[in-house]
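**Q** Encoded as structure tokens, here's the structure I'll be asking about.
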Amino acid sequence: MTIAIEMGRTSSGAPATLDLEELLATRLLVQGNSGSGKSHLLRRLLEQSAPWVQQAIIDPEGDFVTLADRFGHLVIDAEAHTEHALQLAGERARTHRVSIILNLEGLDAENQLRRASAFLGGLFEVGRDHWYPMLVVVDEAQLFAPAIAGEVSDEARKLSLGAMTNLMCRGRKSGLAGIIATQRLAKLAKNVAAEASNFLMGRTFLDIDMARAADLLGMERRQAEAFRDLERGHFVALGPALSRRPLSIRIGATDTQPRNTIQRLVPLPSEGLHNPSAIILAAPPPEAPRPARRAPAPPAPDLLSQLIAAQSAAADKPAEPPETPPSPEQRAERRARLDRILTAILADPEAGFRAIGVLYQDFLVRCRIEGLGPAMPNSDIPDLPAFRRMLTRARAGISAQDTGDTAEDAIWADITDRAAILPEDMQAIFMMLAAAARAAAPCPSDPTIARAYGTRSLARARRVLPYIEEQGLIVCQRDGAGRRTITLVELAWATAPADPNAEELLAG
Ligand SMILES: Nc1ncnc2c1ncn2[C@@H]1O[C@H](COP(=O)(O)OP(=O)(O)OP(=O)(O)O)[C@@H](O)[C@H]1O
Ligand SMILES: [Mg+2]
């Protein structure tokens, strides 16, 4: 049985439908500038699908709470609950199959991220018996999966990015279908956007967003220019659940109204004030004591930091005899174990598609299981930046830890520094190219690059080399046979020529 809900009408007046079953498998990304009608579109989708499928709505502004009266969603005011409680709420919502609106209004950005990720984490926690299909709608998704660091702490951003990546990459297995909407595609983390196969594109002004949209849809940039002229409520639909070709649709009406409606223009009173100055500038009343401002609630600690805190508390206990510094052999042995843990994590074929926050948590847990202790100042368990460096090197096929050869290490430190001008997800590619060039090994093929880039799209991977070349780090050349050579600028190391289309040999 297919269940098609009606989103609106096509330009020829035919019903524009969305196949729910297919949507569950292929997820949806909605993009459009402010006022283009995204929230209205989400509301239409939620209203039409409410009889068929359980829903969770991550609602940063409390816009969607009005759905509750009509459709029976439970509204959770995130402000009133700890992260732990929200995680449990997420689990229970799935166990008992209750639709939820997570209202995040009133929280600062940091806590919006923390609490939303706790709740999303809960949705993932439940066992197989409860993996019923569920739509998970995230409005203003760029807040929860930002492309670049913003005002929130690194930790909150990583947690939230991890949760959103999980939702879009791995939700399907457990029945969760991510539906995300954003004003600015360029502000949304790429890996999160890339996992959607269905798109509804609304009015878009900025070139950079248009270019990203064109890339995602596999359109020419010129074609994407059409997004600039879309009217409010009009979207271009594409994807297996919507339409096989780009289709213009107008979103239909909704039964319920958003709570925060835009103020309409109201004519000014026809008769002006008799004496405006006397009224507007009347003496102020005596100052009343100011109500004490509510101190911002401290962020509720999350599980990871609790674990780390508990571990460091345990480690702070004096009792033990003073530690002797580890011998070089012991250090080398520990390093080798860290390397092995990282290798084990990267051996999972899905690892390339996971956010670093998710991988790091996995890494810490495995370290603790191995009895290597928590990440603390002075311990040799890498912190997140160090872990990122290890990962970059490991993905590039260079020993994750320092090689022990000082001259060689200095060169690699220099190369790591150069890589820093690239976006995070491209650094590993550059390191991989550097390793190949260092060894004069064959130039990595596009499929290999796609894998290291964490994408399943060759087209996306093919845009990486020109970008790195534009940054002045490499020079790409083709020989008469179409084989590619990459030379590192300044160092003049070069790869051996190789076919860019060669299929990756499955190692191991
Ligand atoms: N298809 C439509 N039919 C009728 N009214 C619409 C339609 N789409 C949007 N509107 C109205 O236009 C206004 C803006 O729409 P909406 O709030 O959905 O925009 P948005 O893209 O979510 O903007 P923002 O990014 O600022 O949240 C709202 O008052 C909404 O009711
Ligand atoms: Mg909106």
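How things are named: the first chain in the structure tokens is A, the next is B, and so on; residues count from 1 in each chain; ligands count from 1 in the order shown.
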Would you mind listing, for every residue of chain A within 8 Å of ligand 2, the two atoms forming the shortest contact and the distance between them in Å to one decimal, using only C-alpha atoms and all ligand atoms, sorted by chain and ascending residue number, as a tab-separated table?

**A**
```
residue	atom	partner	partner_atom_place_in_ligand_line	distance
A:Ser34	CA	ligand 2	1 (Mg)	6.8
A:Gly35	CA	ligand 2	1 (Mg)	7.0
A:Gly37	CA	ligand 2	1 (Mg)	6.9
A:Lys38	CA	ligand 2	1 (Mg)	5.5
A:Ser39	CA	ligand 2	1 (Mg)	4.1
A:His40	CA	ligand 2	1 (Mg)	7.3
A:Asp63	CA	ligand 2	1 (Mg)	8.0
A:Asp139	CA	ligand 2	1 (Mg)	6.8
A:Glu140	CA	ligand 2	1 (Mg)	7.0
```

**Q** Any idea what's packed within 10 Å of Pro15 (chain A), counting only C-alpha atoms, ignoring anything in its chain fewer than 2 positions away? Could you give it as an MDAnalysis selection string?

**A** chainID A and resid 5:13 17:18 249:250 252

**Q** Let's have the selection written as a CSV table (one decimal), in the first residue's frame, with C-alpha atoms.

**A**
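Output (out_26.csv):
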```
chain,number,residue,atom,x,y,z
A,5,ILE,CA,-0.4,12.8,1.0
A,6,GLU,CA,-1.3,15.9,-0.9
A,7,MET,CA,1.1,18.8,-0.4
A,8,GLY,CA,-0.6,21.2,-2.8
A,9,ARG,CA,-1.1,21.6,-6.6
A,10,THR,CA,1.3,21.6,-9.5
A,11,SER,CA,1.2,24.5,-12.0
A,12,SER,CA,-1.2,22.6,-14.1
A,13,GLY,CA,-3.6,22.2,-11.2
A,17,THR,CA,1.7,14.4,-3.7
A,18,LEU,CA,4.3,13.1,-1.3
A,249,ILE,CA,4.3,23.1,-6.8
A,250,ARG,CA,2.2,25.5,-4.8
A,252,GLY,CA,-1.9,24.1,-0.1
```

**Q** Enter the distance from CA of Gly371 (chain A) to CA of Pro326 (chain A), in Å, rounded to one decimal.

**A**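 So the two atoms, CA of Gly371 (chain A) and CA of Pro326 (chain A), lie 15.5 Å apart.
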
**Q** Which residue, A:Ala109, A:Phe119, A:Leu104, A:Phe71, has the smallest gap to Arg92 (chain A) when you use only C-alpha atoms?

**A**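 Answer, going by the shortest atom-to-atom distance: A:Phe119.
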
**Q** Between CA of Phe363 (chain A) and CA of Cys169 (chain A), what is the distance, to one decimal in Å?

**A** 19.2 Å

**Q** Could you list, as a ChimeraX atom specification, every residue within 7 Å of Pro133 (chain A), counting only C-alpha atoms and ignoring same-chain residues fewer than 3 positions away?

**A** /A:53-54,175-176

**Q** Could you check the closest approach to ligand 1 for each of A:Ala181, A:Ala413, A:Ala14, A:Ala118 and tell me which residue wins, using only C-alpha atoms and all ligand atoms?

**A**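 Nearest to ligand 1: A:Ala181.
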
**Q** Apply DSSP to the structure's backbone, then extract all residues of region 104-172 of chain A labelled strand (DSSP E or B) and return them as an mmCIF file with N, CA, C and O atoms, in the first residue's frame.

**A**
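Listing of out_21.cif after writing:
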```
data_model
loop_
_atom_site.group_PDB
_atom_site.id
_atom_site.type_symbol
_atom_site.label_atom_id
_atom_site.label_comp_id
_atom_site.auth_asym_id
_atom_site.auth_seq_id
_atom_site.Cartn_x
_atom_site.Cartn_y
_atom_site.Cartn_z
ATOM 1 N N MET A 134 8.638 6.979 12.133
ATOM 2 C CA MET A 134 8.370 8.253 12.790
ATOM 3 C C MET A 134 8.975 9.360 11.944
ATOM 4 O O MET A 134 10.117 9.240 11.497
ATOM 5 N N LEU A 135 8.206 10.417 11.719
ATOM 6 C CA LEU A 135 8.769 11.586 11.042
ATOM 7 C C LEU A 135 9.413 12.475 12.098
ATOM 8 O O LEU A 135 8.798 12.759 13.115
ATOM 9 N N VAL A 136 10.633 12.894 11.855
ATOM 10 C CA VAL A 136 11.295 13.809 12.781
ATOM 11 C C VAL A 136 11.572 15.108 12.022
ATOM 12 O O VAL A 136 12.421 15.144 11.128
ATOM 13 N N VAL A 137 10.815 16.141 12.358
ATOM 14 C CA VAL A 137 10.885 17.400 11.628
ATOM 15 C C VAL A 137 11.744 18.385 12.415
ATOM 16 O O VAL A 137 11.526 18.593 13.605
ATOM 17 N N VAL A 138 12.728 18.963 11.754
ATOM 18 C CA VAL A 138 13.570 19.971 12.409
ATOM 19 C C VAL A 138 13.471 21.263 11.604
ATOM 20 O O VAL A 138 13.973 21.328 10.469
ATOM 21 N N PRO A 146 25.051 23.516 12.297
ATOM 22 C CA PRO A 146 25.670 24.660 11.625
ATOM 23 C C PRO A 146 26.912 24.238 10.842
ATOM 24 O O PRO A 146 27.636 23.339 11.264
#
```

**Q** Between A:Ile100, A:Ala93, A:Leu29, A:Leu230, which has the minimum distance to Ala141 (chain A) (counting only C-alpha atoms)?

**A**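 Using only C-alpha atoms, the shortest distance to Ala141 (chain A) belongs to A:Leu29.
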
**Q** Could you check the closest approach to Ala419 (chain A) for each of A:Gly472, A:Gly357, A:Gly62, A:Pro442 and tell me which residue wins, using only C-alpha atoms?

**A**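 Result for the nearest residue to Ala419 (chain A): A:Gly472.
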
**Q** So that I can check the surroundings of Ala440 (chain A), please list as a ChimeraX atom specification every protein, DNA and RNA residue that reaches within 9 Å of it, counting only C-alpha atoms and ignoring chain neighbours fewer than 6 positions away.

**A** /A:493-496

**Q** Please save N, CA, C and O atoms of the selected residues as a PDB file, in the first residue's frame.

**A**
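Once everything was written out, this is part.pdb:
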```pdb
ATOM      1  N   TRP A 493      56.597  17.337  -4.111  1.00  0.00           N
ATOM      2  CA  TRP A 493      56.375  15.894  -4.159  1.00  0.00           C
ATOM      3  C   TRP A 493      55.277  15.658  -5.186  1.00  0.00           C
ATOM      4  O   TRP A 493      54.335  16.444  -5.265  1.00  0.00           O
ATOM      5  N   ALA A 494      55.357  14.559  -5.911  1.00  0.00           N
ATOM      6  CA  ALA A 494      54.319  14.302  -6.906  1.00  0.00           C
ATOM      7  C   ALA A 494      53.879  12.845  -6.854  1.00  0.00           C
ATOM      8  O   ALA A 494      54.680  11.953  -6.584  1.00  0.00           O
ATOM      9  N   THR A 495      52.609  12.629  -7.115  1.00  0.00           N
ATOM     10  CA  THR A 495      52.108  11.251  -7.174  1.00  0.00           C
ATOM     11  C   THR A 495      52.520  10.647  -8.509  1.00  0.00           C
ATOM     12  O   THR A 495      52.869  11.373  -9.440  1.00  0.00           O
ATOM     13  N   ALA A 496      52.429   9.366  -8.621  1.00  0.00           N
ATOM     14  CA  ALA A 496      52.565   8.721  -9.931  1.00  0.00           C
ATOM     15  C   ALA A 496      51.252   8.925 -10.667  1.00  0.00           C
ATOM     16  O   ALA A 496      50.203   9.038 -10.034  1.00  0.00           O
TER      17      ALA A 496
END
```

**Q** Looking at A:Leu88, A:Ala78, A:Ala116, A:Val30, which one is nearest to Phe199 (chain A), with distances taken over only C-alpha atoms?

**A**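 Nearest candidate to Phe199 (chain A) out of A:Leu88, A:Ala78, A:Ala116, A:Val30: A:Val30.
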
**Q** Could the residues of region 383-489 of chain A that have an atom at most 12 Å from region 185-189 of chain A be listed as JSON lines, each with its closest atom pair and the distance in Å to one decimal, counting only C-alpha atoms and ordered by chain and ascending residue number?

**A**
```
{"residue": "A:Pro423", "atom": "CA", "partner": "A:Ala189", "partner_atom": "CA", "distance": 11.2}
{"residue": "A:Glu424", "atom": "CA", "partner": "A:Ala189", "partner_atom": "CA", "distance": 11.1}
{"residue": "A:Asp425", "atom": "CA", "partner": "A:Ala189", "partner_atom": "CA", "distance": 10.5}
```

**Q** Grab the residues selected above and save them as an mmCIF file, in the first residue's frame with all heavy atoms.

**A**
```cif
data_model
loop_
_atom_site.group_PDB
_atom_site.id
_atom_site.type_symbol
_atom_site.label_atom_id
_atom_site.label_comp_id
_atom_site.auth_asym_id
_atom_site.auth_seq_id
_atom_site.Cartn_x
_atom_site.Cartn_y
_atom_site.Cartn_z
ATOM 1 N N PRO A 423 38.460 23.619 4.498
ATOM 2 C CA PRO A 423 37.365 23.184 5.377
ATOM 3 C C PRO A 423 37.729 21.836 5.978
ATOM 4 O O PRO A 423 38.433 21.035 5.343
ATOM 5 C CB PRO A 423 36.171 23.042 4.437
ATOM 6 C CG PRO A 423 36.542 23.737 3.172
ATOM 7 C CD PRO A 423 38.034 23.828 3.116
ATOM 8 N N GLU A 424 37.223 21.601 7.201
ATOM 9 C CA GLU A 424 37.583 20.397 7.932
ATOM 10 C C GLU A 424 37.495 19.120 7.099
ATOM 11 O O GLU A 424 38.389 18.295 7.113
ATOM 12 C CB GLU A 424 36.605 20.237 9.084
ATOM 13 C CG GLU A 424 37.231 20.358 10.423
ATOM 14 C CD GLU A 424 36.137 20.542 11.463
ATOM 15 O OE1 GLU A 424 35.151 19.789 11.417
ATOM 16 O OE2 GLU A 424 36.287 21.455 12.288
ATOM 17 N N ASP A 425 36.379 18.991 6.369
ATOM 18 C CA ASP A 425 36.166 17.714 5.694
ATOM 19 C C ASP A 425 37.105 17.510 4.507
ATOM 20 O O ASP A 425 37.214 16.421 3.973
ATOM 21 C CB ASP A 425 34.700 17.544 5.273
ATOM 22 C CG ASP A 425 34.171 18.740 4.508
ATOM 23 O OD1 ASP A 425 34.950 19.696 4.288
ATOM 24 O OD2 ASP A 425 32.999 18.730 4.120
#
```

**Q** For Val236 (chain A), find every residue with an atom within 6 Å (counting only C-alpha atoms), except residues of its own chain fewer than 6 positions away, and show them as JSON, numbers by chain.

**A** {"A": [200, 201, 247, 248]}

**Q** Please produce an output containing N, CA and C atoms for each residue in the selection, written as an mmCIF file, in the first residue's frame.

**A**
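Saved to result.cif:
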```
data_model
loop_
_atom_site.group_PDB
_atom_site.id
_atom_site.type_symbol
_atom_site.label_atom_id
_atom_site.label_comp_id
_atom_site.auth_asym_id
_atom_site.auth_seq_id
_atom_site.Cartn_x
_atom_site.Cartn_y
_atom_site.Cartn_z
ATOM 1 N N LEU A 200 12.651 20.220 -1.471
ATOM 2 C CA LEU A 200 11.659 21.226 -1.822
ATOM 3 C C LEU A 200 12.381 22.557 -1.705
ATOM 4 N N MET A 201 12.607 23.196 -2.848
ATOM 5 C CA MET A 201 13.396 24.424 -2.859
ATOM 6 C C MET A 201 12.477 25.613 -3.075
ATOM 7 N N LEU A 247 9.750 19.702 -10.315
ATOM 8 C CA LEU A 247 8.327 19.973 -10.514
ATOM 9 C C LEU A 247 7.953 21.181 -9.664
ATOM 10 N N SER A 248 7.292 22.167 -10.305
ATOM 11 C CA SER A 248 6.873 23.353 -9.555
ATOM 12 C C SER A 248 5.574 23.068 -8.834
#
```
